[in-house]
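A.B. asks: Sending over work-v2.txt (compact mmCIF, C-alpha atoms).
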# COMPACT_ATOMS: atom_id res chain seq x y z
CA MET A 139 132.50 76.85 94.48
CA SER A 140 133.24 75.68 90.97
CA THR A 141 133.76 77.01 87.48
CA SER A 142 132.00 75.40 84.54
CA THR A 143 130.59 75.81 81.10
CA PRO A 144 126.90 76.76 80.88
CA THR A 145 124.50 73.86 81.44
CA THR A 146 120.90 73.41 80.37
CA THR A 147 119.77 70.84 82.89
CA ASP A 148 120.54 69.71 86.41
CA THR A 149 119.65 66.08 85.77
CA MET A 150 121.37 63.20 83.99
CA ARG A 151 120.86 59.60 82.98
CA ALA A 152 122.58 57.05 85.17
CA VAL A 153 122.58 53.38 86.06
CA VAL A 154 121.51 52.95 89.70
CA HIS A 155 120.90 50.21 92.22
CA ASP A 156 118.94 50.73 95.43
CA THR A 157 119.95 47.42 96.99
CA TYR A 158 122.78 44.90 96.83
CA GLY A 159 122.44 41.88 94.55
CA SER A 160 123.05 40.49 91.07
CA ALA A 161 123.00 42.46 87.82
CA ASP A 162 119.19 42.37 88.07
CA VAL A 163 119.32 45.20 90.64
CA LEU A 164 120.71 47.62 88.05
CA ARG A 165 118.31 49.98 86.27
CA LEU A 166 118.50 53.14 84.18
CA ALA A 167 117.13 56.29 85.82
CA THR A 168 117.15 60.07 85.61
CA ILE A 169 118.76 61.56 88.71
CA PRO A 170 120.22 64.90 89.84
CA ARG A 171 123.62 65.77 88.43
CA PRO A 172 126.26 65.48 91.18
CA ARG A 173 127.81 68.52 92.82
CA ILE A 174 131.52 68.88 93.44
CA GLY A 175 133.61 69.98 96.40
CA ASP A 176 136.59 72.32 96.39
CA ASP A 177 139.11 69.57 95.55
CA GLN A 178 136.93 67.72 93.07
CA VAL A 179 136.31 67.65 89.33
CA LEU A 180 133.03 67.08 87.49
CA VAL A 181 133.73 64.85 84.49
CA ARG A 182 131.42 64.56 81.52
CA VAL A 183 131.66 60.83 81.03
CA HIS A 184 132.49 59.57 77.54
CA ALA A 185 133.15 56.03 78.76
CA ALA A 186 133.39 54.06 82.00
CA GLY A 187 135.28 50.85 82.69
CA LEU A 188 133.77 47.75 84.26
CA ASP A 189 135.97 45.75 86.59
CA ARG A 190 135.55 43.08 89.24
CA GLY A 191 135.63 45.68 91.99
CA THR A 192 132.45 47.22 90.59
CA TRP A 193 130.80 43.82 90.79
CA HIS A 194 131.81 43.50 94.47
CA LEU A 195 130.32 46.90 95.28
CA MET A 196 127.10 46.03 93.42
CA ALA A 197 126.77 42.66 95.13
CA GLY A 198 127.90 43.93 98.54
CA ARG A 199 130.28 40.99 98.83
CA PRO A 200 132.27 40.19 100.78
CA TYR A 201 129.97 41.57 103.42
CA ALA A 202 132.85 43.35 105.14
CA ILE A 203 132.91 46.00 102.39
CA ARG A 204 129.45 47.16 103.48
CA LEU A 205 131.06 48.69 106.56
CA GLY A 206 132.50 51.37 104.29
CA PHE A 207 129.96 51.51 101.46
CA GLY A 208 126.60 51.11 103.24
CA LEU A 209 125.33 48.43 105.60
CA ARG A 210 121.80 47.93 104.25
CA LYS A 211 122.08 49.60 100.86
CA PRO A 212 124.83 51.34 98.87
CA LYS A 213 125.66 54.87 99.96
CA ASN A 214 126.31 55.77 96.34
CA PRO A 215 123.58 54.19 94.21
CA VAL A 216 125.50 54.80 90.93
CA PRO A 217 128.11 52.10 90.22
CA GLY A 218 131.34 52.52 88.28
CA ARG A 219 134.74 53.93 89.23
CA ASP A 220 136.91 53.84 86.07
CA VAL A 221 136.19 56.97 84.04
CA ALA A 222 137.32 58.77 80.89
CA GLY A 223 135.84 62.02 79.65
CA THR A 224 136.16 65.80 79.55
CA VAL A 225 136.32 68.19 82.48
CA GLU A 226 132.96 69.92 82.89
CA ALA A 227 133.70 71.85 86.10
CA ILE A 228 136.44 72.19 88.71
CA GLY A 229 136.42 72.99 92.40
CA SER A 230 137.93 76.21 93.72
CA ALA A 231 141.04 74.45 95.07
CA VAL A 232 141.76 72.40 91.93
CA THR A 233 144.95 73.06 89.99
CA GLY A 234 146.34 71.14 87.03
CA HIS A 235 142.94 70.55 85.39
CA ALA A 236 140.85 72.94 83.34
CA VAL A 237 137.38 72.85 81.83
CA GLY A 238 137.53 71.01 78.52
CA ASP A 239 140.56 68.85 79.35
CA GLU A 240 140.41 65.21 78.31
CA VAL A 241 141.12 63.10 81.38
CA PHE A 242 140.95 59.55 82.70
CA GLY A 243 141.19 58.11 86.16
CA VAL A 244 139.19 56.99 89.18
CA GLY A 245 135.91 58.63 90.12
CA GLU A 246 132.61 57.80 91.77
CA GLY A 247 129.47 56.83 89.91
CA SER A 248 130.88 56.66 86.38
CA PHE A 249 127.97 54.63 84.95
CA ALA A 250 126.31 57.96 84.21
CA GLU A 251 126.52 61.01 81.99
CA TYR A 252 128.52 62.86 84.66
CA ALA A 253 130.76 61.66 87.49
CA VAL A 254 132.74 63.24 90.32
CA ALA A 255 136.43 62.56 90.88
CA ARG A 256 139.09 63.89 93.19
CA ALA A 257 141.51 65.99 91.18
CA ASP A 258 144.49 63.94 92.34
CA LYS A 259 142.94 60.73 90.96
CA LEU A 260 142.83 62.00 87.38
CA ALA A 261 145.48 62.27 84.66
CA PRO A 262 145.55 63.60 81.09
CA LYS A 263 144.19 61.04 78.64
CA PRO A 264 146.83 59.74 76.20
CA ALA A 265 145.97 61.26 72.84
CA GLN A 266 146.29 57.97 70.96
CA LEU A 267 143.63 56.26 73.06
CA SER A 268 139.91 56.48 72.43
CA PHE A 269 137.77 57.30 75.44
CA GLU A 270 136.62 53.66 75.53
CA GLN A 271 140.22 52.42 75.61
CA ALA A 272 141.19 54.97 78.26
CA ALA A 273 138.23 54.04 80.44
CA VAL A 274 139.38 50.43 80.87
CA VAL A 275 142.85 51.47 82.06
CA PRO A 276 142.80 53.18 85.48
CA ILE A 277 142.12 50.76 88.33
CA SER A 278 143.32 47.59 86.58
CA ALA A 279 146.52 49.12 85.24
CA LEU A 280 147.29 50.93 88.50
CA THR A 281 146.90 47.65 90.34
CA ALA A 282 149.10 45.73 87.90
CA LEU A 283 151.90 48.31 87.94
CA GLN A 284 152.03 48.67 91.71
CA ALA A 285 151.72 44.93 92.28
CA LEU A 286 154.68 44.16 90.05
CA ARG A 287 156.90 47.09 90.95
CA ASP A 288 156.09 47.86 94.58
CA GLY A 289 154.50 44.70 95.98
CA GLY A 290 156.52 42.13 94.04
CA ARG A 291 159.70 44.18 93.51
CA LEU A 292 160.06 42.63 90.09
CA ARG A 293 163.55 42.59 88.57
CA ARG A 294 164.69 41.99 85.01
CA GLY A 295 165.23 38.32 84.20
CA GLN A 296 162.88 36.99 86.87
CA LYS A 297 160.16 34.44 86.13
CA VAL A 298 156.60 35.63 86.72
CA LEU A 299 153.36 33.62 86.86
CA VAL A 300 150.14 35.58 86.33
CA ILE A 301 147.05 33.65 87.47
CA GLY A 302 144.02 35.26 85.85
CA ALA A 303 146.07 36.60 82.94
CA SER A 304 143.08 37.24 80.65
CA GLY A 305 141.22 39.54 83.03
CA GLY A 306 141.44 43.26 83.67
CA VAL A 307 144.45 43.34 86.00
CA GLY A 308 146.02 40.26 84.42
CA SER A 309 146.01 41.65 80.88
CA TYR A 310 148.04 44.65 82.08
CA ALA A 311 150.28 42.59 84.35
CA VAL A 312 151.41 40.35 81.49
CA GLN A 313 152.33 43.32 79.31
CA MET A 314 154.05 45.26 82.10
CA ALA A 315 156.03 42.27 83.32
CA LYS A 316 157.32 41.75 79.77
CA ALA A 317 158.17 45.46 79.51
CA PHE A 318 160.16 45.15 82.74
CA GLY A 319 162.19 42.27 81.29
CA ALA A 320 160.57 39.26 82.98
CA GLU A 321 159.82 35.81 81.57
CA VAL A 322 156.04 35.59 81.84
CA THR A 323 153.70 32.63 82.12
CA GLY A 324 149.97 33.36 81.96
CA VAL A 325 147.21 31.15 83.38
CA ALA A 326 143.75 31.32 81.79
CA SER A 327 141.00 29.18 80.28
CA ALA A 328 141.55 27.49 76.92
CA ALA A 329 139.25 29.97 75.17
CA LYS A 330 141.39 32.90 76.28
CA LEU A 331 144.91 31.54 75.80
CA ASP A 332 145.18 33.26 72.41
CA LEU A 333 144.53 36.59 74.10
CA VAL A 334 147.22 35.93 76.71
CA ARG A 335 149.71 35.01 73.98
CA SER A 336 148.87 38.18 72.08
CA LEU A 337 149.65 40.20 75.21
CA GLY A 338 153.22 38.89 75.08
CA ALA A 339 153.24 35.94 77.47
CA ASP A 340 156.19 33.59 76.87
CA HIS A 341 154.19 30.59 78.09
CA VAL A 342 150.51 29.87 78.74
CA ILE A 343 148.74 27.35 80.95
CA ASP A 344 145.14 26.17 80.53
CA TYR A 345 143.94 25.90 84.11
CA THR A 346 141.14 23.53 83.11
CA ARG A 347 143.70 20.94 82.01
CA ASP A 348 147.02 21.66 83.70
CA ASP A 349 148.11 22.48 87.24
CA PHE A 350 150.80 25.16 87.37
CA ALA A 351 152.19 23.57 90.54
CA ALA A 352 151.84 19.90 89.59
CA ASP A 353 155.33 18.87 88.48
CA GLY A 354 157.38 20.90 90.94
CA GLU A 355 159.88 21.67 88.19
CA HIS A 356 158.62 25.07 87.10
CA ARG A 357 159.30 27.62 89.81
CA TYR A 358 158.59 31.33 89.76
CA ASP A 359 160.21 34.30 91.46
CA LEU A 360 156.88 36.15 91.56
CA ILE A 361 153.30 34.89 91.38
CA LEU A 362 150.46 37.36 90.91
CA ASP A 363 147.37 35.51 92.10
CA ILE A 364 144.54 37.58 90.66
CA ALA A 365 142.00 34.75 90.38
CA GLY A 366 142.09 34.17 94.12
CA ASN A 367 141.43 30.43 94.23
CA PRO A 368 144.73 28.45 94.48
CA THR A 369 145.53 27.03 97.89
CA LEU A 370 148.57 28.37 99.69
CA SER A 371 150.23 24.96 99.40
CA ARG A 372 149.94 25.08 95.59
CA LEU A 373 151.36 28.58 95.48
CA ARG A 374 154.21 27.48 97.74
CA ARG A 375 155.11 24.55 95.48
CA ALA A 376 155.35 26.88 92.49
CA LEU A 377 157.61 29.45 94.16
CA THR A 378 161.39 29.54 94.18
CA PRO A 379 162.87 29.26 97.70
CA THR A 380 162.96 33.06 97.96
CA GLY A 381 159.91 33.78 95.76
CA THR A 382 156.90 35.97 96.49
CA ALA A 383 153.22 35.20 95.97
CA LEU A 384 151.14 38.36 95.82
CA MET A 385 147.41 37.79 96.39
CA VAL A 386 145.69 40.54 94.45
CA GLY A 387 142.19 39.05 94.36
CA GLY A 388 139.99 36.74 96.40
CA GLU A 389 137.01 35.81 94.30
CA ASP A 390 136.49 32.41 95.89
CA GLY A 391 136.82 33.57 99.48
CA GLY A 392 134.06 33.49 102.06
CA ARG A 393 131.05 35.77 101.88
CA LEU A 394 132.06 37.60 105.05
CA THR A 395 135.67 38.61 104.44
CA GLY A 396 136.43 37.32 100.93
CA GLY A 397 140.10 36.45 100.47
CA MET A 398 141.22 38.28 103.59
CA ASP A 399 141.49 35.13 105.69
CA ARG A 400 143.70 33.47 103.07
CA GLN A 401 145.94 36.53 102.98
CA LEU A 402 146.29 36.45 106.76
CA ARG A 403 147.19 32.76 106.67
CA GLY A 404 149.70 33.52 103.95
CA MET A 405 151.35 36.22 106.03
CA ALA A 406 151.64 33.77 108.91
CA LEU A 407 153.16 31.15 106.61
CA SER A 408 155.76 33.71 105.50
CA LEU A 409 157.23 33.61 108.99
CA PHE A 410 158.50 30.07 108.34
CA GLY A 411 160.98 29.98 105.48
CA GLY A 412 162.15 32.23 102.68
CA ARG A 413 158.98 32.27 100.58
CA ARG A 414 156.72 35.26 101.07
CA PHE A 415 152.92 35.45 100.82
CA ARG A 416 151.46 38.91 100.80
CA GLY A 417 148.15 40.64 100.25
CA PHE A 418 148.01 43.76 98.13
CA LEU A 419 145.95 46.95 97.86
CA ASN A 420 146.64 49.53 95.18
CA LYS A 421 146.85 53.29 95.67
CA GLU A 422 144.65 55.36 93.39
CA ARG A 423 146.87 58.26 92.41
CA GLY A 424 146.89 60.36 89.28
CA SER A 425 150.68 60.60 89.47
CA VAL A 426 150.97 56.81 89.16
CA LEU A 427 148.40 56.83 86.38
CA GLU A 428 150.70 59.22 84.51
CA GLN A 429 153.40 56.53 84.74
CA VAL A 430 150.94 54.05 83.24
CA ALA A 431 150.25 56.57 80.48
CA GLU A 432 153.99 56.68 79.70
CA LEU A 433 153.99 52.91 79.17
CA ILE A 434 150.99 53.27 76.86
CA VAL A 435 152.56 56.12 74.87
CA SER A 436 155.78 54.10 74.49
CA GLY A 437 153.84 51.19 73.02
CA ALA A 438 154.76 48.79 75.84
CA VAL A 439 151.14 48.54 77.03
CA THR A 440 147.89 48.50 75.06
CA PRO A 441 144.46 48.39 76.73
CA SER A 442 142.67 45.10 76.12
CA LEU A 443 139.16 46.32 75.28
CA ASP A 444 136.77 43.46 74.58
CA ARG A 445 133.74 45.55 73.59
CA SER A 446 131.61 48.52 74.61
CA TYR A 447 128.03 48.51 75.90
CA PRO A 448 125.63 51.48 75.89
CA LEU A 449 124.49 52.73 79.28
CA ASP A 450 121.15 50.94 79.14
CA GLN A 451 122.92 47.62 78.59
CA ALA A 452 125.07 47.86 81.72
CA PRO A 453 123.24 44.88 83.29
CA GLU A 454 124.17 42.74 80.25
CA ALA A 455 127.80 43.83 80.59
CA MET A 456 127.76 42.89 84.27
CA ARG A 457 126.26 39.47 83.49
CA ALA A 458 129.01 38.82 80.94
CA LEU A 459 131.58 39.64 83.63
CA GLU A 460 129.84 37.36 86.14
CA LYS A 461 129.92 34.47 83.65
CA GLY A 462 133.61 34.93 82.87
CA GLN A 463 132.90 35.88 79.26
CA VAL A 464 134.94 39.10 79.23
CA ARG A 465 138.38 39.07 77.59
CA GLY A 466 140.34 41.87 79.19
CA LYS A 467 137.78 44.56 80.04
CA VAL A 468 134.61 46.17 78.71
CA ALA A 469 133.51 49.78 78.60
CA ILE A 470 130.15 51.44 79.27
CA THR A 471 129.25 54.47 77.13
CA PRO A 472 126.50 57.03 77.94
Represent the structure of the file as structure tokens.
C.D. replies:
Amino acid sequence: MSTSTPTTTDTMRAVVHDTYGSADVLRLATIPRPRIGDDQVLVRVHAAGLDRGTWHLMAGRPYAIRLGFGLRKPKNPVPGRDVAGTVEAIGSAVTGHAVGDEVFGVGEGSFAEYAVARADKLAPKPAQLSFEQAAVVPISALTALQALRDGGRLRRGQKVLVIGASGGVGSYAVQMAKAFGAEVTGVASAAKLDLVRSLGADHVIDYTRDDFAADGEHRYDLILDIAGNPTLSRLRRALTPTGTALMVGGEDGGRLTGGMDRQLRGMALSLFGGRRFRGFLNKERGSVLEQVAELIVSGAVTPSLDRSYPLDQAPEAMRALEKGQVRGKVAITP
């Protein structure tokens, strides 16, 4: 059962894909509007965020993710998980949200005019953010905050290296690490170093020219490896004797398990010596998103929105992400 404002149609426009593959599998279609359960919220989407996780679910890679999201084809044909919009309807067990509220958070199928989200994965949208800005916050910022605070146990005065500093998670990690009092070095391509500097990084490294682990002189207490391609030996050389390398991504891993095998090898390596190598998975909670919102309201964190694409240009947005052309994140607007 749900409560809602009157509606005139039971259909909506949405981006869908009936099979796994490249951005070419995406198409615009008219489909039934989703229904909600007792603990869910129907969000009228004003903007959706595009992140690397959405690409993985579209491509079905690594193949291991198909065990949970559909072996032969996606269980949910509508991509997109970051969402910002207004509450259209609430389930009978939902408290804390009301029809008309402006919210942002994690849902299912946000590349559409309407999306469904669990009530506990949504938070009030900060008033100073546009819907497009709010849409590029949830998953990336949740990951960055929990990686630094919970996974890396970052302390004031420590030295942090962010590999992939110009991407979705990286752009938030640089800002949050600075807000927590760390000395931050960001690794990115030459074309994006200006962005990383603008986010507050104390130092930047162009990975196409310089190796962060080459000289053995610069050591870090915490490394956030978001790009997922350095070898464990390189990460080890760049760590202090008691430092931690947190492997947040695994883009260059195998097609079957992605970066999981490297994370397992890292955990085994942690048994020999003081340096720690750990994998990381974030928790999608509205309560943590409210903590992110506090950092935004305080001015410590600003969403890095590259540009917005209309719904029918979602394939173009995905291709830009595939080619590494996105600075920060992009939004999709119905």
A.B. asks: Between atom CA of Ile343 of chain A and atom CA of Leu286 of chain A, what is the distance, to one decimal in Å?
C.D. replies: 20.0 Å
A.B. asks: Please determine the residues with any atom at most 9 Å from (148.7, 42.6, 72.7) (coordinates as given in the file, with all atoms listed in the file counting) and report them as a PyMOL selection string.
C.D. replies: chain A and resi 309+313+333-338+439-442
A.B. asks: List the neighbours of Gly295 of chain A out to 7 Å using all atoms listed in the file; skip same-chain residues closer than 6 positions along the sequence, and give me the result as a compact mmCIF listing (two decimals) with C-alpha atoms, keeping the file's coordinate frame.
C.D. replies:
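Contents of result_17.txt, as written:
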# COMPACT_ATOMS: atom_id res chain seq x y z
CA GLY A 319 162.19 42.27 81.29
CA ALA A 320 160.57 39.26 82.98
CA GLU A 321 159.82 35.81 81.57
A.B. asks: Expressed in Å to a single decimal, how great is the separation between atom CA of Met385 of chain A and atom CA of Ala328 of chain A?
C.D. replies: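 Value for the atom CA of Met385 of chain A-atom CA of Ala328 of chain A distance: 22.8 Å.
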A.B. asks: Taking 2 positions as the minimum chain separation for residues in the same chain, which residues sit within 7 Å of Val225 of chain A when counting all atoms listed in the file? Answer as a PyMOL selection string.
C.D. replies: chain A and resi 179-182+223+227+236-240
A.B. asks: Determine, counting only C-alpha atoms, which protein, DNA and RNA residues have an atom within 6 Å of an atom of Ser248 of chain A; residues of the same chain fewer than 2 positions away are not included. Present the result as a list in words.
C.D. replies: Ala186, Gly218, Arg219, Val221, Glu246, Ala250 and Ala253 of chain A
A.B. asks: Would you write out those residues with C-alpha atoms, as a PDB file, in the coordinates of the input?
C.D. replies:
ATOM      1  CA  ALA A 186     133.390  54.060  82.000  1.00  0.00           C
ATOM      2  CA  GLY A 218     131.340  52.520  88.280  1.00  0.00           C
ATOM      3  CA  ARG A 219     134.740  53.930  89.230  1.00  0.00           C
ATOM      4  CA  VAL A 221     136.190  56.970  84.040  1.00  0.00           C
ATOM      5  CA  GLU A 246     132.610  57.800  91.770  1.00  0.00           C
ATOM      6  CA  ALA A 250     126.310  57.960  84.210  1.00  0.00           C
ATOM      7  CA  ALA A 253     130.760  61.660  87.490  1.00  0.00           C
TER       8      ALA A 253
END
A.B. asks: Might you pull out every residue within 12 Å of Glu428 of chain A, with all atoms listed in the file counted and same-chain residues fewer than 5 positions away left off, and present them as a list in words?
C.D. replies: Val241, Phe242, Gly243, Asp258, Lys259, Leu260, Ala261, Pro262, Lys263, Pro264, Val275, Pro276, Ala279, Leu280, Leu283, Glu422, Arg423, Leu433, Ile434 and Val435 of chain A
A.B. asks: Restricted to C-alpha atoms, what would the selected residues look like written as a PDB file, keeping the file's coordinate frame?
C.D. replies:
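Written file, selection-v1.pdb:
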ATOM      1  CA  VAL A 241     141.120  63.100  81.380  1.00  0.00           C
ATOM      2  CA  PHE A 242     140.950  59.550  82.700  1.00  0.00           C
ATOM      3  CA  GLY A 243     141.190  58.110  86.160  1.00  0.00           C
ATOM      4  CA  ASP A 258     144.490  63.940  92.340  1.00  0.00           C
ATOM      5  CA  LYS A 259     142.940  60.730  90.960  1.00  0.00           C
ATOM      6  CA  LEU A 260     142.830  62.000  87.380  1.00  0.00           C
ATOM      7  CA  ALA A 261     145.480  62.270  84.660  1.00  0.00           C
ATOM      8  CA  PRO A 262     145.550  63.600  81.090  1.00  0.00           C
ATOM      9  CA  LYS A 263     144.190  61.040  78.640  1.00  0.00           C
ATOM     10  CA  PRO A 264     146.830  59.740  76.200  1.00  0.00           C
ATOM     11  CA  VAL A 275     142.850  51.470  82.060  1.00  0.00           C
ATOM     12  CA  PRO A 276     142.800  53.180  85.480  1.00  0.00           C
ATOM     13  CA  ALA A 279     146.520  49.120  85.240  1.00  0.00           C
ATOM     14  CA  LEU A 280     147.290  50.930  88.500  1.00  0.00           C
ATOM     15  CA  LEU A 283     151.900  48.310  87.940  1.00  0.00           C
ATOM     16  CA  GLU A 422     144.650  55.360  93.390  1.00  0.00           C
ATOM     17  CA  ARG A 423     146.870  58.260  92.410  1.00  0.00           C
ATOM     18  CA  LEU A 433     153.990  52.910  79.170  1.00  0.00           C
ATOM     19  CA  ILE A 434     150.990  53.270  76.860  1.00  0.00           C
ATOM     20  CA  VAL A 435     152.560  56.120  74.870  1.00  0.00           C
TER      21      VAL A 435
END
A.B. asks: May I ask for the distance between atom CA of Gly187 of chain A and atom CA of Thr281 of chain A, given in Å to one decimal place?
C.D. replies: 14.3 Å
A.B. asks: So, with only C-alpha atoms as the atoms that count, which of A:Arg414, A:Asp349, A:Asp156, A:Asp340 lies closest to Leu377 of chain A?
C.D. replies: A:Arg414
A.B. asks: Got a sec: who's within 8 Å of Ala167 of chain A, counting all atoms listed in the file, leaving out chain neighbours fewer than 2 positions off, as a ChimeraX atom specification?
C.D. replies: /A:151-154,165,169
A.B. asks: Would you kindly place all heavy atoms on segment 426-435 of chain A and return the model as a compact mmCIF listing (two decimals), keeping the file's coordinate frame?
C.D. replies:
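out-v5.txt, freshly written:
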# COMPACT_ATOMS: atom_id res chain seq x y z
N VAL A 426 150.61 58.16 89.60
CA VAL A 426 150.97 56.81 89.16
C VAL A 426 150.29 56.51 87.83
O VAL A 426 150.87 55.84 86.95
CB VAL A 426 150.58 55.76 90.22
CG1 VAL A 426 151.00 54.36 89.77
CG2 VAL A 426 151.22 56.09 91.56
N LEU A 427 149.09 57.02 87.65
CA LEU A 427 148.40 56.83 86.38
C LEU A 427 149.17 57.49 85.24
O LEU A 427 149.16 57.00 84.11
CB LEU A 427 146.98 57.39 86.47
CG LEU A 427 146.01 57.01 85.36
CD1 LEU A 427 145.91 55.49 85.21
CD2 LEU A 427 144.63 57.61 85.64
N GLU A 428 149.85 58.59 85.52
CA GLU A 428 150.70 59.22 84.51
C GLU A 428 151.85 58.30 84.11
O GLU A 428 152.28 58.29 82.95
CB GLU A 428 151.22 60.56 85.02
CG GLU A 428 150.13 61.62 85.15
CD GLU A 428 150.65 62.92 85.73
OE1 GLU A 428 151.87 63.01 86.00
OE2 GLU A 428 149.85 63.85 85.93
N GLN A 429 152.35 57.51 85.06
CA GLN A 429 153.40 56.53 84.74
C GLN A 429 152.84 55.42 83.85
O GLN A 429 153.51 54.94 82.94
CB GLN A 429 153.99 55.96 86.03
CG GLN A 429 154.67 56.99 86.89
CD GLN A 429 154.99 56.48 88.29
OE1 GLN A 429 155.00 55.29 88.54
NE2 GLN A 429 155.25 57.39 89.20
N VAL A 430 151.60 55.02 84.12
CA VAL A 430 150.94 54.05 83.24
C VAL A 430 150.80 54.64 81.84
O VAL A 430 151.04 53.96 80.83
CB VAL A 430 149.55 53.67 83.80
CG1 VAL A 430 148.78 52.84 82.79
CG2 VAL A 430 149.69 52.92 85.12
N ALA A 431 150.41 55.91 81.77
CA ALA A 431 150.25 56.57 80.48
C ALA A 431 151.56 56.57 79.70
O ALA A 431 151.56 56.42 78.46
CB ALA A 431 149.75 58.00 80.68
N GLU A 432 152.69 56.71 80.38
CA GLU A 432 153.99 56.68 79.70
C GLU A 432 154.23 55.32 79.06
O GLU A 432 154.77 55.24 77.95
CB GLU A 432 155.10 57.01 80.70
CG GLU A 432 155.09 58.45 81.20
CD GLU A 432 156.14 58.70 82.27
OE1 GLU A 432 156.90 57.76 82.59
OE2 GLU A 432 156.19 59.83 82.79
N LEU A 433 153.85 54.24 79.74
CA LEU A 433 153.99 52.91 79.17
C LEU A 433 153.09 52.74 77.95
O LEU A 433 153.47 52.08 76.98
CB LEU A 433 153.64 51.85 80.22
CG LEU A 433 154.63 51.68 81.38
CD1 LEU A 433 154.03 50.79 82.48
CD2 LEU A 433 155.94 51.10 80.89
N ILE A 434 151.91 53.34 78.00
CA ILE A 434 150.99 53.27 76.86
C ILE A 434 151.54 54.06 75.68
O ILE A 434 151.56 53.58 74.53
CB ILE A 434 149.61 53.79 77.27
CG1 ILE A 434 148.96 52.84 78.29
CG2 ILE A 434 148.70 53.96 76.05
CD1 ILE A 434 147.67 53.37 78.88
N VAL A 435 152.02 55.27 75.94
CA VAL A 435 152.56 56.12 74.87
C VAL A 435 153.78 55.46 74.22
O VAL A 435 153.99 55.56 73.00
CB VAL A 435 152.92 57.51 75.43
CG1 VAL A 435 153.68 58.33 74.40
CG2 VAL A 435 151.66 58.25 75.86
